[in-house]
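**Q** My structure file structure_2.csv, CSV, C-alpha atoms, is below:
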chain,number,residue,atom,x,y,z
A,1,MET,CA,0.7,23.0,29.3
A,2,VAL,CA,4.3,23.9,28.3
A,3,SER,CA,5.3,27.5,28.6
A,4,GLY,CA,1.6,28.5,28.5
A,5,LEU,CA,1.3,27.4,24.9
A,6,ALA,CA,-1.6,25.3,23.6
A,7,PRO,CA,-0.8,21.7,22.6
A,8,VAL,CA,-0.3,21.0,18.9
A,9,LEU,CA,-1.1,17.9,16.9
A,10,THR,CA,0.6,17.4,13.5
A,11,ALA,CA,0.2,14.9,10.7
A,12,ALA,CA,2.7,14.5,7.9
A,13,PRO,CA,1.7,14.3,5.2
A,14,VAL,CA,-1.7,15.7,5.8
A,15,ARG,CA,-2.8,14.7,2.3
A,16,GLY,CA,-1.6,11.4,0.8
A,17,LEU,CA,-2.4,8.1,-0.8
A,18,ILE,CA,-4.1,5.4,1.2
A,19,ASP,CA,-1.0,3.2,1.2
A,20,GLU,CA,1.3,6.0,2.4
A,21,PRO,CA,2.1,6.0,6.2
A,22,ILE,CA,1.4,9.2,8.2
A,23,SER,CA,3.6,10.5,11.0
A,24,ILE,CA,1.4,11.8,13.9
A,25,LYS,CA,3.0,13.8,16.7
A,26,GLY,CA,1.7,15.8,19.7
A,27,HIS,CA,3.7,18.7,21.1
A,28,LEU,CA,3.7,21.2,24.0
A,29,LEU,CA,2.0,18.7,26.4
A,30,PRO,CA,2.7,18.2,30.1
A,31,ARG,CA,5.3,15.5,30.5
A,32,ASP,CA,4.5,12.0,31.8
A,33,CYS,CA,0.7,12.4,31.5
A,34,PRO,CA,-2.0,10.2,30.0
A,35,VAL,CA,-3.4,11.2,26.7
A,36,THR,CA,-5.6,9.6,24.1
A,37,VAL,CA,-5.2,10.0,20.3
A,38,CYS,CA,-8.5,9.4,18.5
A,39,ALA,CA,-9.3,9.0,14.8
A,40,GLN,CA,-12.8,9.5,13.5
A,41,MET,CA,-14.2,9.3,10.0
A,42,HIS,CA,-17.6,9.2,8.3
A,43,SER,CA,-18.0,6.8,5.4
A,44,GLU,CA,-19.7,7.8,2.2
A,45,GLN,CA,-22.9,6.3,3.6
A,46,GLY,CA,-22.6,8.5,6.7
A,47,ASP,CA,-21.6,5.8,9.2
A,48,LEU,CA,-19.1,6.9,11.9
A,49,TRP,CA,-15.8,4.8,12.2
A,50,GLU,CA,-13.4,5.5,15.0
A,51,ALA,CA,-10.3,4.3,16.8
A,52,PHE,CA,-8.6,5.2,20.1
A,53,ALA,CA,-5.1,4.7,21.4
A,54,HIS,CA,-3.8,5.5,24.9
A,55,TYR,CA,-0.3,7.0,25.4
A,56,LYS,CA,1.8,8.5,28.1
A,57,THR,CA,3.6,11.7,27.1
A,58,ASN,CA,7.4,11.7,27.0
A,59,ALA,CA,9.7,13.7,29.2
A,60,ASP,CA,9.9,16.5,26.6
A,61,GLY,CA,6.1,16.8,26.5
A,62,THR,CA,5.6,15.0,23.2
A,63,VAL,CA,3.8,11.9,21.9
A,64,ASN,CA,5.0,10.3,18.7
A,65,LEU,CA,2.9,7.5,17.2
A,66,THR,CA,5.9,6.4,15.0
A,67,THR,CA,8.0,5.5,18.0
A,68,ASP,CA,5.8,5.4,21.1
A,69,HIS,CA,3.8,2.5,22.4
A,70,SER,CA,0.0,2.5,22.9
A,71,VAL,CA,-0.9,1.0,26.3
A,72,GLY,CA,-4.6,0.6,25.6
A,73,GLY,CA,-7.5,1.3,23.3
A,74,SER,CA,-8.0,-0.1,19.8
A,75,TYR,CA,-4.4,-1.5,19.6
A,76,LEU,CA,-1.4,-2.1,21.7
A,77,GLY,CA,2.3,-1.4,21.1
A,78,CYS,CA,4.1,0.7,18.6
A,79,GLU,CA,1.8,0.8,15.6
A,80,PRO,CA,2.4,4.0,13.6
A,81,MET,CA,-0.7,3.5,11.5
A,82,GLY,CA,-2.9,1.8,14.1
A,83,LEU,CA,-5.4,4.7,14.2
A,84,PHE,CA,-6.2,4.0,10.5
A,85,TRP,CA,-6.3,0.3,10.3
A,86,GLY,CA,-7.9,0.2,13.7
A,87,LEU,CA,-11.0,2.1,12.6
A,88,GLN,CA,-14.2,0.3,13.5
A,89,PRO,CA,-17.9,1.2,13.4
A,90,ALA,CA,-18.8,3.4,16.4
A,91,PRO,CA,-21.0,1.7,19.0
A,92,GLY,CA,-24.7,2.0,18.2
A,93,GLY,CA,-24.2,2.1,14.4
A,94,ARG,CA,-25.6,-0.1,11.7
A,95,GLU,CA,-24.9,-3.9,11.8
A,96,GLY,CA,-22.5,-5.6,9.5
A,97,LEU,CA,-20.6,-2.6,8.1
A,98,ARG,CA,-17.6,-3.0,5.7
A,99,LEU,CA,-15.6,0.1,4.6
A,100,ARG,CA,-15.6,0.3,0.8
A,101,LYS,CA,-14.9,3.6,-1.0
A,102,LYS,CA,-17.0,4.2,-4.1
A,103,ASN,CA,-16.1,7.7,-5.3
A,104,MET,CA,-12.5,7.8,-6.3
A,105,GLU,CA,-12.5,11.5,-6.9
A,106,THR,CA,-12.9,12.4,-3.2
A,107,PRO,CA,-10.7,11.3,-0.3
A,108,LEU,CA,-11.5,9.6,3.0
A,109,VAL,CA,-11.3,12.4,5.5
A,110,VAL,CA,-10.0,11.3,8.9
A,111,ARG,CA,-10.0,13.7,11.8
A,112,VAL,CA,-7.3,12.9,14.4
A,113,SER,CA,-7.7,14.5,17.8
A,114,LEU,CA,-5.7,14.6,21.1
A,115,LEU,CA,-7.7,14.1,24.2
A,116,GLU,CA,-6.9,14.5,27.9
A,117,GLY,CA,-6.6,11.3,29.9
A,118,HIS,CA,-7.3,7.7,28.7
A,119,VAL,CA,-10.8,7.5,27.1
A,120,SER,CA,-12.4,5.1,24.7
A,121,SER,CA,-15.3,7.1,23.5
A,122,ARG,CA,-15.8,10.7,22.3
A,123,ASP,CA,-18.4,11.8,24.9
A,124,SER,CA,-19.1,15.3,25.9
A,125,GLN,CA,-16.9,15.1,29.0
A,126,SER,CA,-13.7,14.3,27.1
A,127,THR,CA,-11.4,17.4,26.8
A,128,GLU,CA,-9.9,17.9,23.3
A,129,LEU,CA,-6.4,19.4,23.4
A,130,ALA,CA,-5.7,19.6,19.7
A,131,ALA,CA,-6.8,18.2,16.4
A,132,VAL,CA,-5.7,17.8,12.7
A,133,THR,CA,-7.6,16.6,9.6
A,134,THR,CA,-6.1,14.3,7.1
A,135,GLU,CA,-7.1,13.2,3.6
A,136,ARG,CA,-6.5,9.6,2.4
A,137,TRP,CA,-6.7,9.2,-1.4
A,138,TYR,CA,-6.9,6.2,-3.7
A,139,MET,CA,-6.4,8.3,-6.8
A,140,ALA,CA,-3.2,10.4,-7.2
A,141,PRO,CA,-3.3,13.8,-9.0
A,142,GLY,CA,-3.1,13.3,-12.7
A,143,VAL,CA,-4.6,9.8,-12.8
A,144,GLN,CA,-7.4,9.5,-15.3
A,145,ARG,CA,-10.7,7.7,-14.6
A,146,ILE,CA,-12.4,6.4,-17.8
A,147,ALA,CA,-15.7,4.7,-17.9
A,148,ILE,CA,-15.6,1.7,-20.2
A,149,ARG,CA,-18.7,0.6,-22.1
A,150,GLN,CA,-17.3,-1.1,-25.1
A,151,ASN,CA,-18.0,-4.5,-26.8
A,152,GLY,CA,-20.4,-5.3,-24.0
A,153,VAL,CA,-17.6,-4.8,-21.4
A,154,ILE,CA,-18.6,-2.8,-18.3
A,155,GLY,CA,-15.8,-1.4,-16.2
A,156,THR,CA,-13.6,1.6,-15.2
A,157,LEU,CA,-10.1,2.1,-16.6
A,158,PHE,CA,-7.6,4.1,-14.5
A,159,MET,CA,-4.7,5.5,-16.4
A,160,PRO,CA,-1.5,6.9,-14.7
A,161,PRO,CA,-0.3,10.4,-15.5
A,162,GLY,CA,1.7,10.8,-18.7
A,163,PRO,CA,1.6,9.4,-22.3
A,164,GLY,CA,2.7,5.8,-21.5
A,165,PRO,CA,2.8,3.2,-22.6
A,166,PHE,CA,2.2,1.6,-19.2
A,167,PRO,CA,2.1,-2.0,-17.9
A,168,ALA,CA,-1.4,-2.9,-16.9
A,169,MET,CA,-3.6,-5.1,-14.7
A,170,LEU,CA,-7.1,-6.5,-15.2
A,171,ASP,CA,-8.8,-6.2,-11.8
A,172,LEU,CA,-11.3,-8.9,-10.8
A,173,TRP,CA,-13.3,-8.8,-7.5
A,174,GLY,CA,-15.5,-11.4,-5.9
A,175,MET,CA,-19.2,-12.3,-6.0
A,176,GLY,CA,-20.2,-9.3,-4.0
A,177,GLY,CA,-20.9,-7.7,-7.3
A,178,GLY,CA,-21.0,-4.1,-8.6
A,179,LEU,CA,-18.0,-2.1,-9.9
A,180,ILE,CA,-15.3,-1.9,-7.3
A,181,GLU,CA,-12.7,0.7,-8.3
A,182,TYR,CA,-10.4,1.5,-5.4
A,183,ARG,CA,-7.7,-1.1,-6.0
A,184,SER,CA,-7.5,-0.1,-9.6
A,185,ALA,CA,-7.3,3.6,-8.7
A,186,LEU,CA,-4.4,2.9,-6.4
A,187,LEU,CA,-2.6,0.7,-8.9
A,188,ALA,CA,-2.8,3.5,-11.4
A,189,SER,CA,-1.4,5.8,-8.8
A,190,ARG,CA,1.5,3.5,-8.6
A,191,GLY,CA,2.1,3.5,-12.4
A,192,TYR,CA,-0.1,0.7,-13.7
A,193,ALA,CA,-3.0,1.1,-16.1
A,194,SER,CA,-5.8,-0.9,-14.4
A,195,LEU,CA,-9.2,-2.0,-15.6
A,196,SER,CA,-11.7,-2.8,-12.8
A,197,LEU,CA,-14.3,-5.1,-14.3
A,198,ALA,CA,-18.0,-5.6,-13.4
A,199,TYR,CA,-19.4,-9.1,-14.0
A,200,ILE,CA,-22.3,-9.5,-11.6
A,201,GLY,CA,-24.6,-7.2,-9.6
A,202,HIS,CA,-24.4,-4.2,-12.0
A,203,LYS,CA,-27.4,-2.5,-13.5
A,204,GLU,CA,-25.9,-2.5,-17.0
A,205,LEU,CA,-25.2,-6.2,-17.1
A,206,PRO,CA,-27.7,-8.9,-18.2
A,207,SER,CA,-30.3,-9.5,-15.5
A,208,PRO,CA,-31.0,-10.8,-12.9
A,209,ARG,CA,-28.4,-8.8,-11.0
A,210,ASN,CA,-27.8,-11.5,-8.3
A,211,ARG,CA,-26.6,-14.0,-10.9
A,212,MET,CA,-23.5,-14.1,-13.2
A,213,ASN,CA,-24.8,-14.0,-16.7
A,214,VAL,CA,-21.6,-13.4,-18.7
A,215,SER,CA,-19.5,-16.1,-20.3
A,216,ASP,CA,-15.7,-16.7,-20.3
A,217,SER,CA,-15.5,-14.6,-23.5
A,218,TYR,CA,-16.6,-11.5,-21.5
A,219,PHE,CA,-13.4,-11.7,-19.5
A,220,ASN,CA,-11.3,-12.4,-22.5
A,221,SER,CA,-12.8,-9.4,-24.2
A,222,ALA,CA,-11.9,-7.2,-21.2
A,223,PHE,CA,-8.4,-8.5,-21.2
A,224,HIS,CA,-7.9,-7.8,-24.9
A,225,LEU,CA,-9.6,-4.4,-24.6
A,226,LEU,CA,-7.0,-3.4,-22.0
A,227,GLN,CA,-4.1,-5.0,-24.0
A,228,ASP,CA,-5.1,-3.2,-27.2
A,229,HIS,CA,-5.3,0.3,-25.5
A,230,HIS,CA,-2.8,2.7,-27.1
A,231,GLN,CA,-1.3,3.7,-23.7
A,232,VAL,CA,-0.7,0.1,-22.6
A,233,CYS,CA,2.3,-2.2,-23.2
A,234,ALA,CA,0.5,-5.1,-24.9
A,235,ASP,CA,3.1,-7.6,-23.7
A,236,ARG,CA,3.0,-6.5,-20.1
A,237,VAL,CA,-0.6,-7.1,-19.0
A,238,GLY,CA,-1.4,-9.1,-15.8
A,239,ILE,CA,-4.5,-10.1,-13.9
A,240,ILE,CA,-5.3,-9.6,-10.2
A,241,GLY,CA,-8.2,-11.4,-8.6
A,242,LEU,CA,-9.7,-11.5,-5.1
A,243,SER,CA,-11.9,-14.4,-3.9
A,244,PHE,CA,-14.0,-15.7,-6.9
A,245,GLY,CA,-12.0,-13.3,-9.1
A,246,VAL,CA,-9.1,-15.7,-8.8
A,247,TYR,CA,-11.2,-18.6,-10.2
A,248,LEU,CA,-12.2,-16.3,-13.1
A,249,ALA,CA,-8.7,-15.3,-13.7
A,250,LEU,CA,-7.6,-18.9,-14.0
A,251,ARG,CA,-10.4,-19.6,-16.5
A,252,THR,CA,-9.5,-16.8,-18.9
A,253,ALA,CA,-8.1,-18.1,-22.2
A,254,THR,CA,-5.4,-15.4,-22.3
A,255,GLN,CA,-1.7,-15.3,-21.6
A,256,PRO,CA,-1.2,-12.7,-18.9
A,257,SER,CA,2.3,-11.6,-18.0
A,258,VAL,CA,1.7,-12.0,-14.3
A,259,MET,CA,-1.1,-13.2,-12.1
A,260,VAL,CA,-1.8,-12.1,-8.5
A,261,CYS,CA,-4.3,-14.3,-6.6
A,262,VAL,CA,-5.8,-13.2,-3.3
A,263,SER,CA,-7.8,-15.6,-1.1
A,264,MET,CA,-9.4,-17.7,-3.7
A,265,SER,CA,-13.0,-18.5,-2.8
A,266,SER,CA,-14.4,-21.9,-2.2
A,267,VAL,CA,-15.7,-23.4,-5.5
A,268,ASN,CA,-16.6,-26.9,-6.4
A,269,LYS,CA,-13.3,-28.8,-5.8
A,270,CYS,CA,-13.7,-30.9,-9.0
A,271,ALA,CA,-14.3,-27.7,-11.0
A,272,PHE,CA,-11.3,-26.1,-9.4
A,273,TYR,CA,-9.1,-29.1,-10.1
A,274,ILE,CA,-10.2,-29.1,-13.8
A,275,SER,CA,-9.5,-25.4,-14.0
A,276,MET,CA,-6.0,-25.9,-12.6
A,277,HIS,CA,-5.3,-28.7,-15.0
A,278,VAL,CA,-6.5,-26.7,-18.0
A,279,THR,CA,-4.6,-23.6,-16.9
A,280,PHE,CA,-1.3,-25.2,-16.3
A,281,CYS,CA,-1.1,-28.6,-18.0
A,282,THR,CA,-3.0,-28.8,-21.3
A,283,ASP,CA,-1.5,-28.0,-24.7
A,284,ASP,CA,-4.1,-25.5,-25.6
A,285,LYS,CA,-3.2,-23.1,-22.8
A,286,LYS,CA,-0.1,-23.9,-20.8
A,287,LEU,CA,0.0,-20.7,-18.7
A,288,THR,CA,3.6,-19.8,-18.1
A,289,CYS,CA,3.4,-16.5,-16.2
A,290,PRO,CA,4.7,-15.9,-12.7
A,291,ILE,CA,1.9,-16.3,-10.0
A,292,MET,CA,1.7,-14.8,-6.6
A,293,TYR,CA,-0.8,-16.4,-4.2
A,294,ILE,CA,-1.7,-14.5,-1.1
A,295,VAL,CA,-3.3,-16.5,1.8
A,296,GLY,CA,-4.9,-15.4,5.1
A,297,GLU,CA,-4.6,-18.3,7.5
A,298,ASP,CA,-7.7,-17.1,9.5
A,299,ASP,CA,-9.8,-17.0,6.3
A,300,LEU,CA,-13.3,-17.9,7.5
A,301,SER,CA,-14.9,-17.4,4.1
A,302,SER,CA,-13.1,-20.0,2.0
A,303,SER,CA,-10.6,-22.8,1.9
A,304,SER,CA,-7.7,-20.5,0.9
A,305,ILE,CA,-5.0,-22.7,2.3
A,306,GLU,CA,-6.3,-25.8,0.6
A,307,ASN,CA,-6.7,-24.0,-2.7
A,308,ALA,CA,-3.2,-22.6,-2.5
A,309,ASN,CA,-1.9,-26.1,-1.8
A,310,LEU,CA,-3.7,-27.5,-4.8
A,311,MET,CA,-2.4,-24.8,-7.0
A,312,GLU,CA,1.1,-25.4,-5.8
A,313,GLU,CA,0.8,-29.2,-6.2
A,314,THR,CA,-0.6,-28.8,-9.7
A,315,LEU,CA,2.3,-26.5,-10.7
A,316,LYS,CA,4.8,-28.9,-9.3
A,317,ALA,CA,3.3,-31.8,-11.2
A,318,ALA,CA,3.5,-29.7,-14.4
A,319,GLY,CA,7.1,-28.9,-13.7
A,320,LYS,CA,6.4,-25.2,-13.1
A,321,SER,CA,7.2,-24.8,-9.4
A,322,GLN,CA,9.4,-21.8,-10.3
A,323,LEU,CA,6.4,-19.8,-11.3
A,324,PHE,CA,4.8,-19.9,-7.9
A,325,THR,CA,5.3,-17.4,-5.1
A,326,ARG,CA,3.2,-17.9,-1.9
A,327,LEU,CA,2.6,-15.4,0.8
A,328,SER,CA,0.9,-16.9,3.9
A,329,TYR,CA,-0.2,-14.8,6.9
A,330,PRO,CA,-1.2,-16.1,10.3
A,331,GLY,CA,-4.2,-14.2,11.8
A,332,ALA,CA,-5.1,-12.6,8.5
A,333,GLY,CA,-8.6,-13.1,7.0
A,334,HIS,CA,-10.1,-13.3,3.5
A,335,LEU,CA,-10.2,-9.6,2.6
A,336,ILE,CA,-6.5,-8.8,2.2
A,337,GLU,CA,-6.7,-5.3,0.7
A,338,PRO,CA,-4.5,-2.2,0.3
A,339,PRO,CA,-2.6,-1.3,3.5
A,340,TYR,CA,-3.8,0.8,6.4
A,341,THR,CA,-7.4,0.1,5.7
A,342,PRO,CA,-9.7,-1.4,8.4
A,343,ASN,CA,-10.7,-5.0,8.2
A,344,SER,CA,-14.2,-6.3,8.8
A,345,ARG,CA,-14.2,-9.7,10.4
A,346,ALA,CA,-17.8,-10.1,9.4
A,347,SER,CA,-20.1,-8.0,7.2
A,348,LEU,CA,-23.6,-7.8,5.8
A,349,TRP,CA,-23.8,-9.8,2.6
A,350,SER,CA,-27.5,-9.4,1.7
A,351,VAL,CA,-30.8,-8.1,3.1
A,352,LYS,CA,-33.2,-9.8,0.7
A,353,PRO,CA,-34.7,-12.4,0.5
A,354,LYS,CA,-33.2,-12.7,4.0
A,355,LYS,CA,-30.4,-11.1,6.0
A,356,LEU,CA,-27.1,-12.8,5.6
A,357,ILE,CA,-23.9,-12.0,7.4
A,358,THR,CA,-20.6,-13.3,5.9
A,359,LEU,CA,-17.6,-14.2,8.0
A,360,TRP,CA,-14.4,-13.0,6.5
A,361,GLY,CA,-12.0,-13.6,9.4
A,362,GLY,CA,-8.8,-11.7,10.4
A,363,HIS,CA,-7.6,-10.2,13.7
A,364,LEU,CA,-7.1,-6.5,13.4
A,365,ALA,CA,-3.3,-6.2,14.1
A,366,ALA,CA,-2.3,-9.4,12.3
A,367,HIS,CA,-4.5,-8.6,9.4
A,368,ALA,CA,-3.1,-5.1,9.2
A,369,ALA,CA,0.4,-6.4,9.2
A,370,ALA,CA,-0.5,-8.8,6.4
A,371,GLN,CA,-2.0,-6.1,4.2
A,372,GLU,CA,1.0,-3.9,4.6
A,373,ASP,CA,3.5,-6.7,3.8
A,374,ALA,CA,1.5,-8.2,1.0
A,375,TRP,CA,0.9,-4.9,-0.8
A,376,LYS,CA,4.6,-4.1,-0.8
A,377,LYS,CA,5.6,-7.5,-2.0
A,378,MET,CA,2.9,-7.5,-4.6
A,379,LEU,CA,4.1,-4.2,-6.0
A,380,ASP,CA,7.7,-5.5,-6.0
A,381,PHE,CA,6.5,-8.7,-7.8
A,382,MET,CA,4.7,-6.6,-10.4
A,383,GLU,CA,7.7,-4.3,-10.8
A,384,CYS,CA,10.0,-7.3,-11.4
A,385,ASN,CA,7.7,-9.0,-13.9
A,386,LEU,CA,6.0,-6.1,-15.7
A,387,ARG,CA,8.7,-3.4,-15.9
A,388,ARG,CA,12.0,-5.2,-16.3
Go ahead and express the file in the form of structure tokens.

**A**
Amino acid sequence: MVSGLAPVLTAAPVRGLIDEPISIKGHLLPRDCPVTVCAQMHSEQGDLWEAFAHYKTNADGTVNLTTDHSVGGSYLGCEPMGLFWGLQPAPGGREGLRLRKKNMETPLVVRVSLLEGHVSSRDSQSTELAAVTTERWYMAPGVQRIAIRQNGVIGTLFMPPGPGPFPAMLDLWGMGGGLIEYRSALLASRGYASLSLAYIGHKELPSPRNRMNVSDSYFNSAFHLLQDHHQVCADRVGIIGLSFGVYLALRTATQPSVMVCVSMSSVNKCAFYISMHVTFCTDDKKLTCPIMYIVGEDDLSSSSIENANLMEETLKAAGKSQLFTRLSYPGAGHLIEPPYTPNSRASLWSVKPKKLITLWGGHLAAHAAAQEDAWKKMLDFMECNLRR
């Protein structure tokens, strides 16, 4: 120890949004000695997620994750947020886990500890030198969460603080089903009204729950419900879709102000081509909004690259190449989500009638870099096209 004082571990900010970086530093340590920084978190389902990084303290008895390099553990090199995107299910846990926050009114609580020596598990023999607890939120103070049950539409609307009017996004997820709120909550925290829409696998939708039983008019109704809200700028409403949500976004008979497409899922190629043609080429629609397409080149779930190529070629043939922005990331998988959140290369899709594991792809460090870059560029893209 330095001057007989106990080591200290700090995190700044201790409480922040999920897409905000945290600076983690250790002080009052012996110089040039091995230490481990460990992050542990329990999901809402009670599963333990953890990450470890090995460091050597500096000559002044400090370790700084913003500037120092990890020499082992969950990641290597200078990765200021590696403890967060590097979180993985602890050994011995349930199979096929994927981290998805359900309650937006509580944070993810991550305990970060400083351990003596280089260790890769929190066993009873590891000596803890210091610790700090951080809170990671999707919903900023003042954001309103509003349950939507209107005109048959099932969703959750997140509204930024203040009177508005705000630009807005309709948020469409994939075929995993349910009502997924965390991206919408974070978009509202960044100043966009956002409506997360359920369309399959929700108890209030037409049964059976494992089948999509809503028509195209359902998505059009949701778009217009958002557009007509008194706190929304009616001429500044976009759509963001992930996986099958991209296909649904392209099918809507609306004129969004912007469209963000993330990892379009594999659908019947003929159906996709027809959808592209109707969306961009026919007289009754002729979509003219800017489009950002985000591709993970290690996507094991769908033909994202092929789908992006087809969209780009269709736009070019329609004389609309200027509308298309493509972000392509080597080593990234299907689930390109908000930054600093852990990726699951594979996860449990269903248990009944038989257990199915879905491969998503993505290598931890490359996928994390893609999420950070794509989120920033997506927000810039939305800022440019929805606020100016």

**Q** Using only C-alpha atoms, list the residues that have an atom at most 10 Å from (-15.1, 8.2, 9.4), coordinates as in the file, as an NGL selection string.

**A** :A and (39-51 or 84 or 87-90 or 99 or 108-111)

**Q** Looking at all atoms listed in the file, which of A:Ala147, A:Ile18, A:Cys38, A:Val71 is the one that sits closest to Val112 (chain A)?

**A**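 Smallest separation from Val112 (chain A) among the options: A:Cys38.
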
**Q** Using only C-alpha atoms, determine which residues lie at most 12 Å from Pro290 (chain A), disregarding the query and same-chain residues fewer than 5 positions distant; provide the list as a list of chain:residue names.

**A**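 Once the nearby chain positions are removed, what remains is A:Gly238, A:Ile239, A:Gln255, A:Pro256, A:Ser257, A:Val258, A:Met259, A:Val260, A:Cys261, A:Phe280, A:Leu315, A:Lys320, A:Ser321, A:Gln322, A:Leu323, A:Phe324, A:Thr325, A:Arg326, A:Met378, A:Phe381, A:Met382, A:Cys384, A:Asn385, A:Leu386.
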
**Q** One number please: CA of Ala308 (chain A) to CA of Glu383 (chain A), in Å, one decimal.

**A**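 We find that CA of Ala308 (chain A) and CA of Glu383 (chain A) lie 22.9 Å from each other.
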
**Q** What does the distance between CA of Pro80 (chain A) and CA of Leu300 (chain A) come to in Å, to one decimal place?

**A**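 Those two atoms sit 27.6 Å apart.
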
**Q** Which residue out of A:Tyr218, A:Leu348, A:His230, A:Gln144 has the minimum interatomic distance to Arg251 (chain A) when all atoms listed in the file are used?

**A**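 Using all atoms listed in the file, the shortest distance to Arg251 (chain A) belongs to A:Tyr218.
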
**Q** I'd like the neighbourhood of Gln371 (chain A) as a list in words, where a residue qualifies if any of its atoms comes within 8 Å (using only C-alpha atoms), though same-chain residues fewer than 5 positions away should be ignored.

**A**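 The residues that qualify are Ile336, Glu337, Pro338, Pro339 and Tyr340 of chain A.
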
**Q** Find, counting all atoms listed in the file, the residue in A:Gly73, A:Pro13, A:Pro34, A:Pro161 that gets nearest to Gly86 (chain A).

**A**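 Selected residue with least distance to Gly86 (chain A): A:Gly73.
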
**Q** Kindly output region 98-111 of chain A as a compact mmCIF listing (two decimals), keeping the file's coordinate frame, after building N, CA, C and O atoms.

**A**
# COMPACT_ATOMS: atom_id res chain seq x y z
N ARG A 98 -18.92 -2.74 6.34
CA ARG A 98 -17.60 -3.00 5.70
C ARG A 98 -17.25 -1.67 4.98
O ARG A 98 -18.06 -1.14 4.23
N LEU A 99 -16.04 -1.16 5.21
CA LEU A 99 -15.60 0.10 4.60
C LEU A 99 -15.18 -0.12 3.17
O LEU A 99 -14.18 -0.79 2.93
N ARG A 100 -15.93 0.44 2.20
CA ARG A 100 -15.60 0.30 0.80
C ARG A 100 -15.81 1.68 0.12
O ARG A 100 -16.94 2.15 0.03
N LYS A 101 -14.75 2.29 -0.35
CA LYS A 101 -14.90 3.60 -1.00
C LYS A 101 -15.43 3.43 -2.41
O LYS A 101 -15.00 2.57 -3.17
N LYS A 102 -16.40 4.28 -2.74
CA LYS A 102 -17.00 4.20 -4.10
C LYS A 102 -16.62 5.35 -4.98
O LYS A 102 -16.42 5.14 -6.17
N ASN A 103 -16.51 6.55 -4.45
CA ASN A 103 -16.10 7.70 -5.30
C ASN A 103 -14.64 7.93 -5.18
O ASN A 103 -14.12 8.35 -4.15
N MET A 104 -13.94 7.66 -6.28
CA MET A 104 -12.50 7.80 -6.30
C MET A 104 -12.00 9.22 -6.40
O MET A 104 -10.81 9.48 -6.25
N GLU A 105 -12.91 10.13 -6.68
CA GLU A 105 -12.50 11.50 -6.90
C GLU A 105 -12.65 12.36 -5.64
O GLU A 105 -12.50 13.57 -5.68
N THR A 106 -12.92 11.70 -4.53
CA THR A 106 -12.90 12.40 -3.20
C THR A 106 -12.11 11.50 -2.25
O THR A 106 -11.99 10.29 -2.44
N PRO A 107 -11.54 12.11 -1.20
CA PRO A 107 -10.70 11.30 -0.30
C PRO A 107 -11.58 10.80 0.90
O PRO A 107 -12.72 11.22 1.12
N LEU A 108 -10.99 9.88 1.64
CA LEU A 108 -11.50 9.60 3.00
C LEU A 108 -10.91 10.65 3.90
O LEU A 108 -9.69 10.88 3.92
N VAL A 109 -11.77 11.31 4.63
CA VAL A 109 -11.30 12.40 5.50
C VAL A 109 -11.34 11.87 6.95
O VAL A 109 -12.38 11.47 7.47
N VAL A 110 -10.16 11.86 7.56
CA VAL A 110 -10.00 11.30 8.90
C VAL A 110 -9.58 12.46 9.84
O VAL A 110 -8.55 13.10 9.61
N ARG A 111 -10.38 12.71 10.85
CA ARG A 111 -10.00 13.70 11.80
C ARG A 111 -9.34 13.05 13.02
O ARG A 111 -9.88 12.13 13.63
